[in-house]
Amino acid sequence: MNNALSCFKKSALFISILSSIAATNTFAADDTGFIAGSETKVNFRYRFENVDQDGQTNDAQASTLRSRISFKSGEVSHFRLNAEVDNVTTIGADDYNDASGFRSNTGYPVVADPTGTSLNQLNLTYKNDGTSVTLGRQRINLNNQRFVGGVAWRQNEQTYDGIRGQHSFNDALSVDYSYIYYVSRIFGPDGPKRGLDGDFHFINAHYKLNKDHKFTGFAYLLEDDSWANSNDTYGIDYNGKFGSLKAHASFATQSNGDFDANYFAIDGTMKLAMFNVTVGLEQLGSDNGNYGFSTPLATAHKFQGFADKFLGTPKTGVKDYYSKIATKIGPVAVAGFYHQFDAVEGDQNYGSEIDLVATYKVHKTTTLLAKYADYNADDLATDTQKFWLMANVNFSL
């Protein structure tokens, strides 16, 4: 941790120096672009979360407010500075285990929203002629976030310290590489789980065959001797369109030095009357029941059910057969999901889950959301019901 903080301080100092230079005539004749072209945004996200979980003495109730201020400078000689600070606090109910290891009410189910103030982003970006380089703490969401994402659902976001370079060779081919030495996780600014040190390499190569078919080859190399989830993953992802059918498929292979496992996913979405219907299968494989395919940096809440029962893959792997139906009822967007979870190795039926979500955009600045998850356990975990109410408000200053 001390090494990562030292590296981050050096990056922050470097960014401070460059941004100071960018605000002077050293970089550009027009020295007002840094401020005149800047934008400042404020976001408030209130959420109430209730968790009723078998085996826990009490239900969890978490009433939290995330306040965020974001600043992006104007562009000066192709440079821009970006800074973002978050504060999470409780308003009323705070009967929950925040999973931080710092403030854990073990008599309650987990709601992974620790309180505190944190530097969510601080970075400098250079962008010119199809090339973009970002240095510092930054948000990184790759592809559909199945392997690397920001976990934006939680009140504390997952961001990355390091350098990211992107380059487009032409309209068809582009590459994306990140070297990350520290991951600031969702468990808040305090406690032993707040971050991960290591050498993390994210490599993506995107190829657009035509407007309907796109391929991405990827490699995610996560190395840290003190971290049990170190692994190397190589794979390919496909997104395509066949008339009214949108298709997605992905395959990856993973090794952690001792074990190997494979991943694959396939799904299709089609519009039927007023409904968008999706069916799919996602499988995180197993090495003979000794190791389950791992995605420790993913935005896992997007996958395998909103109840978050599969944030870590069981050693016997997991198959997720799922379906989704979505539509709009007046101004309200609604969707329902069904998941059936089974083991890859052995004949365990883990359980099933029903998820419901409704979103209503009250105003261009304000969105309301209600969400429900019901996990029915068979051979894994316990019956769990979760319910959320959320309001998201954005302002530009």
# chains A, B, ... in the order shown; residues from 1 in each chain; ligands from 1

call {"tool": "residues_around", "arguments": {"residues": "A:Asn349", "least_positions_apart": "2", "cutoff": "10 Å", "atoms": "only C-alpha atoms", "output": "ChimeraX atom specification"}}
result
/A:318-319,340-344,346-347,351-352,377-380

call {"tool": "closest_atom_pairs", "arguments": {"of": "stretch 126-245 of chain A", "to": "stretch 292-295 of chain A", "cutoff": "8 Å", "atoms": "only C-alpha atoms", "output": "CSV"}}
result
residue,atom,partner,partner_atom,distance
A:Arg146,CA,A:Thr295,CA,7.2
A:Phe147,CA,A:Thr295,CA,5.4
A:Val148,CA,A:Thr295,CA,7.9
A:Asn229,CA,A:Ser294,CA,7.2

call {"tool": "write_last_selection", "arguments": {"atoms": "C-alpha atoms", "output": "short mmCIF file (atom, residue, chain, number, x, y, z; two decimals), in the first residue's frame"}}
result
data_model
loop_
_atom_site.label_atom_id
_atom_site.label_comp_id
_atom_site.auth_asym_id
_atom_site.auth_seq_id
_atom_site.Cartn_x
_atom_site.Cartn_y
_atom_site.Cartn_z
CA ARG A 146 -17.27 -8.34 -17.56
CA PHE A 147 -13.55 -8.33 -16.81
CA VAL A 148 -12.62 -4.71 -16.03
CA ASN A 229 -6.95 -13.72 -7.38
#

call {"tool": "residues_around", "arguments": {"residues": "A:Thr125", "least_positions_apart": "3", "cutoff": "7 Å", "atoms": "only C-alpha atoms", "output": "list of chain:residue names"}}
result
A:Phe79, A:Arg80, A:Leu81, A:Ser132, A:Val133, A:Thr134, A:Leu135

call {"tool": "closest_residue", "arguments": {"among": "A:Val51, A:Ile35, A:Ile180, A:Ala298", "to": "A:Lys72", "atoms": "only C-alpha atoms"}}
result
A:Ile35

call {"tool": "closest_residue", "arguments": {"among": "A:Asp287, A:Asp374, A:Glu345, A:Asp197", "to": "A:Ala307", "atoms": "only C-alpha atoms"}}
result
A:Asp374

call {"tool": "atom_distance", "arguments": {"atom1": "atom CA of A:Ala265", "atom2": "atom CA of A:His206"}}
result
18.4 Å

call {"tool": "atom_distance", "arguments": {"atom1": "atom CA of A:Tyr338", "atom2": "atom CA of A:Thr278"}}
result
10.5 Å

call {"tool": "closest_atom_pairs", "arguments": {"of": "stretch 133-219 of chain A", "to": "stretch 234-254 of chain A", "cutoff": "10 Å", "atoms": "only C-alpha atoms", "output": "JSON lines"}}
result
{"residue": "A:Asn143", "atom": "CA", "partner": "A:Asp237", "partner_atom": "CA", "distance": 8.5}
{"residue": "A:Asn144", "atom": "CA", "partner": "A:Asp237", "partner_atom": "CA", "distance": 9.6}
{"residue": "A:Ile203", "atom": "CA", "partner": "A:Tyr234", "partner_atom": "CA", "distance": 9.4}
{"residue": "A:Asn204", "atom": "CA", "partner": "A:Ile236", "partner_atom": "CA", "distance": 9.4}
{"residue": "A:Ala205", "atom": "CA", "partner": "A:Ile236", "partner_atom": "CA", "distance": 9.4}
{"residue": "A:His206", "atom": "CA", "partner": "A:Asp237", "partner_atom": "CA", "distance": 9.3}
{"residue": "A:Tyr207", "atom": "CA", "partner": "A:Tyr238", "partner_atom": "CA", "distance": 9.8}
{"residue": "A:Lys208", "atom": "CA", "partner": "A:Asn239", "partner_atom": "CA", "distance": 9.6}
{"residue": "A:Leu209", "atom": "CA", "partner": "A:Gly240", "partner_atom": "CA", "distance": 9.8}
{"residue": "A:Asn210", "atom": "CA", "partner": "A:Gly240", "partner_atom": "CA", "distance": 9.5}
{"residue": "A:Lys211", "atom": "CA", "partner": "A:Gly240", "partner_atom": "CA", "distance": 8.7}
{"residue": "A:Asp212", "atom": "CA", "partner": "A:Lys241", "partner_atom": "CA", "distance": 5.1}
{"residue": "A:His213", "atom": "CA", "partner": "A:Gly240", "partner_atom": "CA", "distance": 4.3}
{"residue": "A:Lys214", "atom": "CA", "partner": "A:Asn239", "partner_atom": "CA", "distance": 5.3}
{"residue": "A:Phe215", "atom": "CA", "partner": "A:Tyr238", "partner_atom": "CA", "distance": 4.6}
{"residue": "A:Thr216", "atom": "CA", "partner": "A:Asp237", "partner_atom": "CA", "distance": 5.0}
{"residue": "A:Gly217", "atom": "CA", "partner": "A:Ile236", "partner_atom": "CA", "distance": 4.4}
{"residue": "A:Phe218", "atom": "CA", "partner": "A:Gly235", "partner_atom": "CA", "distance": 5.4}
{"residue": "A:Ala219", "atom": "CA", "partner": "A:Tyr234", "partner_atom": "CA", "distance": 4.5}

call {"tool": "write_last_selection", "arguments": {"atoms": "all heavy atoms", "output": "compact mmCIF listing (two decimals), in the first residue's frame"}}
result
# COMPACT_ATOMS: atom_id res chain seq x y z
N ASN A 143 -15.08 -2.88 -22.70
CA ASN A 143 -16.11 -3.70 -23.33
C ASN A 143 -17.40 -3.65 -22.51
O ASN A 143 -17.87 -2.57 -22.16
CB ASN A 143 -15.60 -5.12 -23.56
CG ASN A 143 -14.34 -5.12 -24.42
OD1 ASN A 143 -14.28 -4.42 -25.43
ND2 ASN A 143 -13.32 -5.86 -24.01
N ASN A 144 -17.97 -4.78 -22.14
CA ASN A 144 -19.20 -4.78 -21.35
C ASN A 144 -18.93 -4.83 -19.84
O ASN A 144 -19.85 -5.08 -19.06
CB ASN A 144 -20.10 -5.94 -21.76
CG ASN A 144 -19.48 -7.30 -21.46
OD1 ASN A 144 -18.32 -7.39 -21.06
ND2 ASN A 144 -20.24 -8.36 -21.65
N ILE A 203 -5.16 -5.20 -22.05
CA ILE A 203 -4.86 -5.04 -23.47
C ILE A 203 -6.10 -5.40 -24.29
O ILE A 203 -6.66 -6.49 -24.13
CB ILE A 203 -3.69 -5.96 -23.90
CG1 ILE A 203 -2.47 -5.71 -23.01
CG2 ILE A 203 -3.32 -5.71 -25.36
CD1 ILE A 203 -1.43 -6.82 -23.07
N ASN A 204 -6.54 -4.48 -25.13
CA ASN A 204 -7.67 -4.70 -26.02
C ASN A 204 -7.29 -4.30 -27.44
O ASN A 204 -6.64 -3.26 -27.64
CB ASN A 204 -8.88 -3.86 -25.61
CG ASN A 204 -9.73 -4.51 -24.54
OD1 ASN A 204 -10.95 -4.51 -24.62
ND2 ASN A 204 -9.09 -5.04 -23.52
N ALA A 205 -7.69 -5.10 -28.40
CA ALA A 205 -7.56 -4.74 -29.82
C ALA A 205 -8.94 -4.88 -30.45
O ALA A 205 -9.53 -5.97 -30.42
CB ALA A 205 -6.56 -5.64 -30.52
N HIS A 206 -9.47 -3.78 -31.00
CA HIS A 206 -10.82 -3.75 -31.56
C HIS A 206 -10.75 -3.74 -33.09
O HIS A 206 -10.00 -2.95 -33.67
CB HIS A 206 -11.58 -2.51 -31.10
CG HIS A 206 -11.62 -2.32 -29.62
ND1 HIS A 206 -12.40 -3.09 -28.79
CD2 HIS A 206 -10.96 -1.46 -28.81
CE1 HIS A 206 -12.24 -2.71 -27.54
NE2 HIS A 206 -11.37 -1.72 -27.52
N TYR A 207 -11.54 -4.59 -33.71
CA TYR A 207 -11.60 -4.61 -35.17
C TYR A 207 -13.07 -4.61 -35.60
O TYR A 207 -13.85 -5.49 -35.22
CB TYR A 207 -10.91 -5.84 -35.74
CG TYR A 207 -11.00 -5.91 -37.25
CD1 TYR A 207 -10.29 -5.00 -38.04
CD2 TYR A 207 -11.80 -6.85 -37.88
CE1 TYR A 207 -10.38 -5.04 -39.42
CE2 TYR A 207 -11.90 -6.90 -39.26
CZ TYR A 207 -11.18 -5.98 -40.03
OH TYR A 207 -11.28 -6.02 -41.39
N LYS A 208 -13.42 -3.60 -36.40
CA LYS A 208 -14.79 -3.48 -36.91
C LYS A 208 -14.81 -4.01 -38.35
O LYS A 208 -14.27 -3.37 -39.26
CB LYS A 208 -15.25 -2.04 -36.85
CG LYS A 208 -16.71 -1.83 -37.23
CD LYS A 208 -17.09 -0.36 -37.24
CE LYS A 208 -17.04 0.23 -35.84
NZ LYS A 208 -17.51 1.66 -35.85
N LEU A 209 -15.39 -5.18 -38.53
CA LEU A 209 -15.47 -5.77 -39.86
C LEU A 209 -16.33 -4.90 -40.77
O LEU A 209 -15.98 -4.64 -41.92
CB LEU A 209 -16.04 -7.19 -39.77
CG LEU A 209 -16.15 -7.97 -41.07
CD1 LEU A 209 -14.77 -8.20 -41.66
CD2 LEU A 209 -16.85 -9.31 -40.82
N ASN A 210 -17.46 -4.46 -40.25
CA ASN A 210 -18.35 -3.51 -40.91
C ASN A 210 -19.26 -2.93 -39.84
O ASN A 210 -19.06 -3.18 -38.64
CB ASN A 210 -19.13 -4.17 -42.07
CG ASN A 210 -19.89 -5.42 -41.61
OD1 ASN A 210 -20.53 -5.41 -40.56
ND2 ASN A 210 -19.79 -6.49 -42.39
N LYS A 211 -20.28 -2.19 -40.23
CA LYS A 211 -21.13 -1.53 -39.24
C LYS A 211 -21.90 -2.50 -38.36
O LYS A 211 -22.37 -2.13 -37.28
CB LYS A 211 -22.10 -0.56 -39.93
CG LYS A 211 -23.13 -1.22 -40.81
CD LYS A 211 -24.03 -0.18 -41.48
CE LYS A 211 -25.09 -0.81 -42.37
NZ LYS A 211 -26.06 -1.61 -41.62
N ASP A 212 -22.02 -3.78 -38.80
CA ASP A 212 -22.82 -4.74 -38.05
C ASP A 212 -22.01 -5.77 -37.26
O ASP A 212 -22.60 -6.51 -36.47
CB ASP A 212 -23.75 -5.50 -39.01
CG ASP A 212 -24.85 -4.63 -39.58
OD1 ASP A 212 -25.26 -3.67 -38.88
OD2 ASP A 212 -25.29 -4.88 -40.71
N HIS A 213 -20.70 -5.82 -37.45
CA HIS A 213 -19.92 -6.87 -36.82
C HIS A 213 -18.60 -6.32 -36.28
O HIS A 213 -17.82 -5.73 -37.02
CB HIS A 213 -19.63 -8.00 -37.83
CG HIS A 213 -20.87 -8.59 -38.42
ND1 HIS A 213 -21.67 -9.48 -37.74
CD2 HIS A 213 -21.48 -8.39 -39.62
CE1 HIS A 213 -22.70 -9.84 -38.49
NE2 HIS A 213 -22.61 -9.17 -39.65
N LYS A 214 -18.38 -6.52 -34.97
CA LYS A 214 -17.20 -6.01 -34.30
C LYS A 214 -16.58 -7.09 -33.42
O LYS A 214 -17.29 -7.79 -32.69
CB LYS A 214 -17.56 -4.79 -33.44
CG LYS A 214 -16.39 -4.18 -32.70
CD LYS A 214 -16.83 -2.97 -31.88
CE LYS A 214 -15.67 -2.38 -31.09
NZ LYS A 214 -16.07 -1.22 -30.27
N PHE A 215 -15.25 -7.20 -33.48
CA PHE A 215 -14.50 -8.18 -32.70
C PHE A 215 -13.52 -7.45 -31.78
O PHE A 215 -12.94 -6.43 -32.16
CB PHE A 215 -13.72 -9.12 -33.61
CG PHE A 215 -14.58 -9.96 -34.52
CD1 PHE A 215 -15.00 -9.47 -35.75
CD2 PHE A 215 -14.98 -11.23 -34.13
CE1 PHE A 215 -15.79 -10.22 -36.59
CE2 PHE A 215 -15.77 -12.00 -34.97
CZ PHE A 215 -16.19 -11.50 -36.20
N THR A 216 -13.33 -8.01 -30.59
CA THR A 216 -12.32 -7.49 -29.66
C THR A 216 -11.51 -8.65 -29.11
O THR A 216 -12.06 -9.57 -28.50
CB THR A 216 -12.98 -6.73 -28.48
OG1 THR A 216 -13.74 -5.64 -28.98
CG2 THR A 216 -11.92 -6.22 -27.52
N GLY A 217 -10.20 -8.59 -29.33
CA GLY A 217 -9.30 -9.53 -28.67
C GLY A 217 -8.77 -8.88 -27.41
O GLY A 217 -8.49 -7.67 -27.38
N PHE A 218 -8.65 -9.65 -26.34
CA PHE A 218 -8.24 -9.03 -25.07
C PHE A 218 -7.31 -9.94 -24.27
O PHE A 218 -7.31 -11.17 -24.42
CB PHE A 218 -9.45 -8.65 -24.22
CG PHE A 218 -10.41 -9.79 -23.91
CD1 PHE A 218 -10.18 -10.65 -22.85
CD2 PHE A 218 -11.56 -9.97 -24.67
CE1 PHE A 218 -11.07 -11.68 -22.55
CE2 PHE A 218 -12.45 -10.99 -24.39
CZ PHE A 218 -12.20 -11.86 -23.33
N ALA A 219 -6.51 -9.27 -23.43
CA ALA A 219 -5.65 -9.96 -22.46
C ALA A 219 -5.67 -9.13 -21.19
O ALA A 219 -5.45 -7.92 -21.22
CB ALA A 219 -4.23 -10.09 -22.99

call {"tool": "closest_atom_pairs", "arguments": {"of": "stretch 319-390 of chain A", "to": "stretch 57-70 of chain A", "cutoff": "12 Å", "atoms": "only C-alpha atoms", "output": "tab-separated table"}}
result
residue	atom	partner	partner_atom	distance
A:Thr384	CA	A:Asp59	CA	10.3
A:Gln385	CA	A:Asp59	CA	9.9
A:Lys386	CA	A:Ala60	CA	9.3
A:Phe387	CA	A:Gln61	CA	9.7
A:Trp388	CA	A:Ala62	CA	9.6
A:Leu389	CA	A:Ser63	CA	9.5
A:Met390	CA	A:Leu65	CA	9.7

call {"tool": "residues_around", "arguments": {"residues": "A:Lys302", "least_positions_apart": "3", "cutoff": "10 Å", "atoms": "only C-alpha atoms", "output": "PyMOL selection string"}}
result
chain A and resi 144-146+151-153+298-299+305-306+308

call {"tool": "closest_residue", "arguments": {"among": "A:Ser184, A:Ser230, A:Thr313, A:Gln283", "to": "A:Gly149", "atoms": "only C-alpha atoms"}}
result
A:Ser184

call {"tool": "residues_around", "arguments": {"residues": "A:Ile140", "least_positions_apart": "5", "cutoff": "7 Å", "atoms": "only C-alpha atoms", "output": "list in words"}}
result
Gly149, Gly150, Thr159 and Tyr160 of chain A

call {"tool": "closest_residue", "arguments": {"among": "A:Gly116, A:Gly165, A:Gly136, A:Pro192", "to": "A:Ala99", "atoms": "only C-alpha atoms"}}
result
A:Pro192

call {"tool": "closest_residue", "arguments": {"among": "A:Ser104, A:Arg45, A:Asn87, A:Thr40", "to": "A:Leu368", "atoms": "only C-alpha atoms"}}
result
A:Arg45

call {"tool": "atom_distance", "arguments": {"atom1": "atom CA of A:His167", "atom2": "atom CA of A:Gly130"}}
result
5.5 Å

call {"tool": "residues_around", "arguments": {"residues": "A:Tyr291", "least_positions_apart": "6", "cutoff": "12 Å", "atoms": "only C-alpha atoms", "output": "list in words"}}
result
Ala228, Asn229, Asn231, Gln254, Ser255, Asn256, Gly257, Asp258, Phe259, Asp260, Ala261, Asn262, Leu284, Gly285, Gly312, Thr313, Pro314, Lys315, Thr316, Gly317, Val318, Val344 and Glu345 of chain A

call {"tool": "decode", "arguments": {"residues": "stretch 340-388 of chain A", "atoms": "C-alpha atoms", "output": "compact mmCIF listing (two decimals), in the first residue's frame"}}
result
# COMPACT_ATOMS: atom_id res chain seq x y z
CA GLN A 340 -31.16 -20.30 -13.30
CA PHE A 341 -27.77 -21.08 -11.75
CA ASP A 342 -26.09 -24.50 -11.95
CA ALA A 343 -22.64 -25.91 -11.28
CA VAL A 344 -20.27 -26.64 -14.17
CA GLU A 345 -18.62 -29.52 -12.31
CA GLY A 346 -21.05 -31.89 -10.60
CA ASP A 347 -24.83 -31.79 -10.55
CA GLN A 348 -25.54 -29.00 -8.07
CA ASN A 349 -28.46 -26.68 -8.76
CA TYR A 350 -27.32 -23.50 -7.04
CA GLY A 351 -30.61 -21.62 -7.18
CA SER A 352 -32.68 -19.19 -9.23
CA GLU A 353 -33.37 -15.47 -9.18
CA ILE A 354 -35.99 -12.99 -10.33
CA ASP A 355 -35.00 -9.33 -10.79
CA LEU A 356 -37.21 -6.33 -11.51
CA VAL A 357 -36.24 -2.72 -12.23
CA ALA A 358 -38.15 0.46 -13.12
CA THR A 359 -36.58 3.79 -14.12
CA TYR A 360 -38.33 7.13 -14.51
CA LYS A 361 -36.60 10.26 -15.82
CA VAL A 362 -38.45 13.04 -14.02
CA HIS A 363 -36.35 15.80 -15.57
CA LYS A 364 -33.19 16.04 -17.63
CA THR A 365 -31.34 16.43 -14.31
CA THR A 366 -33.20 13.84 -12.23
CA THR A 367 -33.81 10.10 -12.51
CA LEU A 368 -35.70 7.84 -10.10
CA LEU A 369 -35.18 4.08 -9.83
CA ALA A 370 -36.83 1.19 -8.01
CA LYS A 371 -35.26 -2.28 -8.08
CA TYR A 372 -35.94 -5.69 -6.57
CA ALA A 373 -34.01 -8.98 -6.44
CA ASP A 374 -35.24 -12.34 -5.11
CA TYR A 375 -32.68 -15.16 -4.94
CA ASN A 376 -34.18 -18.60 -4.19
CA ALA A 377 -31.39 -20.86 -2.93
CA ASP A 378 -31.11 -24.58 -3.61
CA ASP A 379 -27.54 -25.83 -3.15
CA LEU A 380 -25.70 -22.52 -2.75
CA ALA A 381 -26.02 -19.62 -0.28
CA THR A 382 -29.37 -18.68 1.31
CA ASP A 383 -32.66 -17.13 0.24
CA THR A 384 -32.16 -13.38 -0.17
CA GLN A 385 -34.45 -10.49 -1.09
CA LYS A 386 -33.11 -7.02 -1.84
CA PHE A 387 -35.00 -3.80 -2.52
CA TRP A 388 -33.69 -0.40 -3.61
